[in-house]
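Following: one structure in structure tokens, then a few remarks.
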Amino acid sequence: MRRLVLLVLFSLCVWSQLNFADSAPIKVERAWVQAVPEVSDTTAAYMKIINLSSNPLKITGASSPAAKSVEPMITTRKTHGGQEIMGMQSVNELVIPAGGSLELKPGGDHLMIMGLNLHPREGQVIKLTIRFAPGDQKFDLEVPVCKEEPK
Amino acid sequence: MSETISDPEPDLKPIVSPGGMNWRLLIAGVALALALLVSFLATRYSAYRNVQENFYGQALVPAKEAFDFRLMDQNGKPFRLSQLRGKAVLFSFGFTHCPNVCPTTLSDLAKVYRALPEQDRQKVQVLFVSVDPRRDQPAVMKNYVPYFDESFIGLTGTEPQIAEAAKAYGAFYEISHNEGEHQDNYSVNHSAFTYLITPNGKWKLIYNFDQLGDAKNMVRDIEQVLAES
């Protein structure tokens, strides 16, 4: 039984490509949220976003009923005394080129989820709404919570 | 007086004479220097090849004596690196409010740890050292670090203790406030390296953040370090 549950959870993480009510012309692949321990109230969502339109799109923000705020972030890598220092920075927009894609990934651009209220466990899903410009386009999706990056 | 000036001339002759002792000495000296240079380069090259061939991580050649930091473990007890003599230690610096780099580091290390054969897991310890002691009290570390693998140990300490440990391993961190944020709501920029200490207390390898995802090569390094000691 335990094996079966694990298998279901695993396949959920592996196969999820959940597209719901959408208006933004995008396709989302391999979306997942990093499972974090309960003591932590911050995590990040990762995914590949494909822009199906012939115009550039910009992620301008996001929200989730599971958290106080969700922000587009970039990971900064600067050199200090000959070594690489990683940090992050909130940005007003993340651009997805026309017909191209944007990879949100660990150690790179991501959607930072802050102030988790419903603590998501591995195998659960988080509802996420991503907002895009131009205009006020939205994309709703449900993202599975995974302990490690799904292959 | 004049005699003493003219007198040395005959004595100088053998020294400046072209076919004499001096030439042979010079040639021998040059040959010796060349031989030394060649052998030095050969050792360096073989050390370089050795490292290139055998380790996935960046190797310190020669391995350094690992700084024996004094910190506090997740149960609030004093903790020294030397307590783990006999085990290979993998550790990195980070903080629990980190959404991206630190959970990824720990989840990658958990994957590596679980990919090790059972008998080798007993000989490996993963540590996560907080660079944010203000928020990362031992209880917080205890609820955070073992989540990724129950064998992992979270360490924190006083600011000077952490600064000393970070400095010894060349790690860097700085508090970063976003404008308008609450004072408890800050991020910490930090170097994201993972260090490997051998069972006999030598700091031997460094991994950068992007290398940790390759569990297969990480396991190969760890097994080699265990086999060598």
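Residues in the structure tokens are numbered from 1 in each chain, the chains being A, B, ... in the order shown, and ligands are numbered from 1 in the order shown.
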Please identify every residue of segment 57-141 of chain B that has at least one atom no farther than 7 Å from an atom of segment 85-108 of chain A, counting only C-alpha atoms, and for each give the shortest atom pair and the distance in Å to one decimal, arranged by chain then increasing number, as CSV.
```
residue,atom,partner,partner_atom,distance
B:Asn100,CA,A:Pro106,CA,5.8
B:Val101,CA,A:Gly107,CA,5.6
B:Thr104,CA,A:Pro106,CA,6.4
```
Restricted to C-alpha atoms, what would the selected residues look like written as a CSV table (one decimal), in the first residue's frame?
```csv
chain,number,residue,atom,x,y,z
B,100,ASN,CA,15.8,28.3,-3.9
B,101,VAL,CA,19.5,27.5,-3.5
B,104,THR,CA,18.0,22.5,-3.7
```
Q: Find the residues in chain A near chain B: any atom within 12 Å counts, using only C-alpha atoms. Write them as a PyMOL selection string.
A: chain A and resi 33-46+70-71+73-91+104-116+121-122+146-151
Q: Write down as a ChimeraX atom specification the residues of segment 97-221 of chain B whose backbone DSSP state falls under strand (DSSP E).
A: /B:124-130,153-156,173-176,187-191,194-197,202-207
Residues as selected, C-alpha atoms, written as a PDB file, in the first residue's frame, can you do that?
```pdb
ATOM      1  CA  VAL B 124      29.301   9.705   5.505  1.00  0.00           C
ATOM      2  CA  GLN B 125      27.814  12.667   7.359  1.00  0.00           C
ATOM      3  CA  VAL B 126      26.076  15.638   5.761  1.00  0.00           C
ATOM      4  CA  LEU B 127      26.011  18.953   7.662  1.00  0.00           C
ATOM      5  CA  PHE B 128      24.240  22.217   6.916  1.00  0.00           C
ATOM      6  CA  VAL B 129      25.690  25.290   8.622  1.00  0.00           C
ATOM      7  CA  SER B 130      23.479  28.339   9.047  1.00  0.00           C
ATOM      8  CA  ILE B 153      22.629  17.502  10.987  1.00  0.00           C
ATOM      9  CA  GLY B 154      21.950  21.238  11.110  1.00  0.00           C
ATOM     10  CA  LEU B 155      24.501  23.496  12.806  1.00  0.00           C
ATOM     11  CA  THR B 156      24.244  27.045  13.994  1.00  0.00           C
ATOM     12  CA  TYR B 173      27.669  35.746   3.117  1.00  0.00           C
ATOM     13  CA  GLU B 174      25.931  39.072   3.562  1.00  0.00           C
ATOM     14  CA  ILE B 175      22.480  40.113   4.747  1.00  0.00           C
ATOM     15  CA  SER B 176      20.441  41.604   1.959  1.00  0.00           C
ATOM     16  CA  SER B 187      17.561  37.424   2.555  1.00  0.00           C
ATOM     17  CA  VAL B 188      21.164  36.292   2.798  1.00  0.00           C
ATOM     18  CA  ASN B 189      23.409  36.264  -0.231  1.00  0.00           C
ATOM     19  CA  HIS B 190      25.981  33.549   0.132  1.00  0.00           C
ATOM     20  CA  SER B 191      28.525  31.431  -1.663  1.00  0.00           C
ATOM     21  CA  THR B 194      29.766  22.153  -0.691  1.00  0.00           C
ATOM     22  CA  TYR B 195      32.974  20.999   0.983  1.00  0.00           C
ATOM     23  CA  LEU B 196      34.173  17.447   1.348  1.00  0.00           C
ATOM     24  CA  ILE B 197      36.306  16.509   4.361  1.00  0.00           C
ATOM     25  CA  LYS B 202      41.561  16.724   5.395  1.00  0.00           C
ATOM     26  CA  TRP B 203      39.657  19.262   3.337  1.00  0.00           C
ATOM     27  CA  LYS B 204      39.994  17.683  -0.073  1.00  0.00           C
ATOM     28  CA  LEU B 205      37.210  18.721  -2.454  1.00  0.00           C
ATOM     29  CA  ILE B 206      34.915  21.615  -3.294  1.00  0.00           C
ATOM     30  CA  TYR B 207      31.709  21.415  -5.308  1.00  0.00           C
TER      31      TYR B 207
END
```
Q: Write out as an MDAnalysis selection string which residues come within 10 Å of segment 217-223 of chain B when counting only C-alpha atoms, dropping same-chain ones fewer than 6 positions away.
A: chainID B and resid 54:57 88:90 109 111:117 120 123:124 196:198 205 207 211
Export C-alpha atoms of the chosen residues as a short mmCIF file (atom, residue, chain, number, x, y, z; two decimals), in the first residue's frame?
```
data_model
loop_
_atom_site.label_atom_id
_atom_site.label_comp_id
_atom_site.auth_asym_id
_atom_site.auth_seq_id
_atom_site.Cartn_x
_atom_site.Cartn_y
_atom_site.Cartn_z
CA ASN B 54 39.90 10.97 -10.56
CA PHE B 55 37.71 13.64 -9.04
CA TYR B 56 34.54 15.26 -10.20
CA GLY B 57 34.83 17.99 -7.57
CA ALA B 88 33.66 11.62 5.22
CA VAL B 89 31.84 14.91 5.80
CA LEU B 90 29.95 16.93 3.21
CA LEU B 109 22.78 16.01 -1.17
CA LYS B 111 19.78 12.22 -3.38
CA VAL B 112 23.55 11.66 -3.35
CA TYR B 113 23.42 10.20 0.15
CA ARG B 114 20.66 7.80 -0.75
CA ALA B 115 22.51 6.74 -3.88
CA LEU B 116 25.44 5.51 -1.74
CA PRO B 117 25.59 1.81 -0.92
CA ASP B 120 29.06 3.57 2.88
CA LYS B 123 30.73 6.45 6.87
CA VAL B 124 29.30 9.70 5.51
CA LEU B 196 34.17 17.45 1.35
CA ILE B 197 36.31 16.51 4.36
CA THR B 198 38.04 13.13 4.36
CA LEU B 205 37.21 18.72 -2.45
CA TYR B 207 31.71 21.42 -5.31
CA GLN B 211 27.65 20.11 -9.65
#
```
Q.
Which residues are close to Ile130 of chain A, i.e. within 8 Å by only C-alpha atoms, leaving aside same-chain residues fewer than 6 positions away? Reply as a list in words.
A.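 Skipping anything fewer than 6 positions along the chain leaves Ile59, Thr60, Gly61, Ala62, Ser63, Lys138, Phe139 and Asp140 of chain A.
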Q: Please measure the separation of atom CA of Gln122 of chain B and atom CA of Gln161 of chain B, giving the value in Å to one decimal.
A: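 Atom CA of Gln122 of chain B sits 27.8 Å away from atom CA of Gln161 of chain B.
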Q. Given the choices B:Ile27, B:Ala165, B:Ala42, B:Ala33, which gets closest to Phe69 of chain B if the distance is worked out from only C-alpha atoms?
A.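 The closest residue to Phe69 of chain B is B:Ala165.
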Q. Quick one: residues within 9 Å of Met72 of chain B, only C-alpha atoms counted, chain neighbours fewer than 5 positions away excluded, as an MDAnalysis selection string?
A. chainID B and resid 77:80 138 154:158
Q. Which residue out of B:Asp68, B:Leu26, B:Lys87, B:Leu37 has the minimum interatomic distance to Ala227 of chain B when only C-alpha atoms are used?
A.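 The closest residue to Ala227 of chain B is B:Lys87.
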Q | alpha helix (DSSP H) call set, DSSP backbone run, segment 111-206 of chain B, as a PyMOL selection string | A | chain B and resi 111-115+118-121+138-148+159-168
Output file for the residues above (N, CA and C atoms, as a compact mmCIF listing (two decimals), in the first residue's frame):
```txt
# COMPACT_ATOMS: atom_id res chain seq x y z
N LYS B 111 19.80 13.16 -2.25
CA LYS B 111 19.78 12.22 -3.38
C LYS B 111 21.12 11.48 -3.48
N VAL B 112 22.21 12.25 -3.32
CA VAL B 112 23.55 11.66 -3.35
C VAL B 112 23.69 10.64 -2.22
N TYR B 113 23.28 11.06 -1.02
CA TYR B 113 23.42 10.20 0.15
C TYR B 113 22.66 8.89 -0.04
N ARG B 114 21.46 9.01 -0.57
CA ARG B 114 20.66 7.80 -0.75
C ARG B 114 21.16 6.92 -1.90
N ALA B 115 21.96 7.53 -2.77
CA ALA B 115 22.51 6.74 -3.88
C ALA B 115 23.75 5.95 -3.44
N GLU B 118 24.52 1.10 1.11
CA GLU B 118 24.17 1.10 2.54
C GLU B 118 25.40 1.19 3.46
N GLN B 119 26.41 0.33 3.20
CA GLN B 119 27.55 0.27 4.12
C GLN B 119 28.37 1.57 4.08
N ASP B 120 28.32 2.31 2.97
CA ASP B 120 29.06 3.57 2.88
C ASP B 120 28.32 4.72 3.54
N ARG B 121 27.00 4.61 3.60
CA ARG B 121 26.21 5.68 4.22
C ARG B 121 26.60 5.86 5.69
N PRO B 138 18.74 26.54 17.10
CA PRO B 138 18.87 25.08 16.97
C PRO B 138 17.54 24.38 16.66
N ALA B 139 16.46 24.80 17.32
CA ALA B 139 15.16 24.14 17.09
C ALA B 139 14.70 24.29 15.64
N VAL B 140 15.00 25.46 15.07
CA VAL B 140 14.62 25.69 13.66
C VAL B 140 15.42 24.75 12.77
N MET B 141 16.72 24.64 13.06
CA MET B 141 17.60 23.77 12.27
C MET B 141 17.12 22.32 12.37
N LYS B 142 16.67 21.95 13.56
CA LYS B 142 16.24 20.57 13.78
C LYS B 142 14.99 20.24 12.98
N ASN B 143 14.15 21.24 12.81
CA ASN B 143 12.94 21.01 12.02
C ASN B 143 13.17 21.17 10.53
N TYR B 144 14.31 21.69 10.18
CA TYR B 144 14.57 21.97 8.77
C TYR B 144 15.49 20.93 8.13
N VAL B 145 16.68 20.79 8.67
CA VAL B 145 17.72 19.99 8.01
C VAL B 145 17.37 18.50 7.90
N PRO B 146 16.94 17.83 8.98
CA PRO B 146 16.66 16.39 8.87
C PRO B 146 15.45 16.08 7.98
N TYR B 147 14.70 17.11 7.63
CA TYR B 147 13.58 16.91 6.71
C TYR B 147 14.08 16.33 5.38
N PHE B 148 15.25 16.76 4.95
CA PHE B 148 15.77 16.32 3.66
C PHE B 148 16.32 14.90 3.74
N GLU B 159 27.41 34.47 16.14
CA GLU B 159 27.88 35.10 14.91
C GLU B 159 29.39 34.96 14.73
N PRO B 160 30.21 35.20 15.80
CA PRO B 160 31.66 35.03 15.60
C PRO B 160 32.05 33.59 15.25
N GLN B 161 31.38 32.61 15.85
CA GLN B 161 31.70 31.21 15.55
C GLN B 161 31.44 30.90 14.07
N ILE B 162 30.31 31.39 13.59
CA ILE B 162 29.95 31.12 12.20
C ILE B 162 30.88 31.87 11.26
N ALA B 163 31.18 33.12 11.63
CA ALA B 163 32.09 33.91 10.79
C ALA B 163 33.45 33.23 10.69
N GLU B 164 33.90 32.66 11.80
CA GLU B 164 35.21 32.00 11.83
C GLU B 164 35.19 30.75 10.93
N ALA B 165 34.12 29.97 11.04
CA ALA B 165 34.02 28.76 10.23
C ALA B 165 33.94 29.11 8.74
N ALA B 166 33.13 30.11 8.43
CA ALA B 166 32.97 30.50 7.02
C ALA B 166 34.30 30.99 6.45
N LYS B 167 35.00 31.79 7.24
CA LYS B 167 36.26 32.36 6.78
C LYS B 167 37.27 31.24 6.49
N ALA B 168 37.31 30.25 7.37
CA ALA B 168 38.27 29.16 7.21
C ALA B 168 38.06 28.39 5.91
```
**Q.** Long-range neighbours of Gln124 of chain A as a PyMOL selection string, 9 Å cut-off, only C-alpha atoms, 5 positions minimum in chain
**A.** chain A and resi 9+143-146
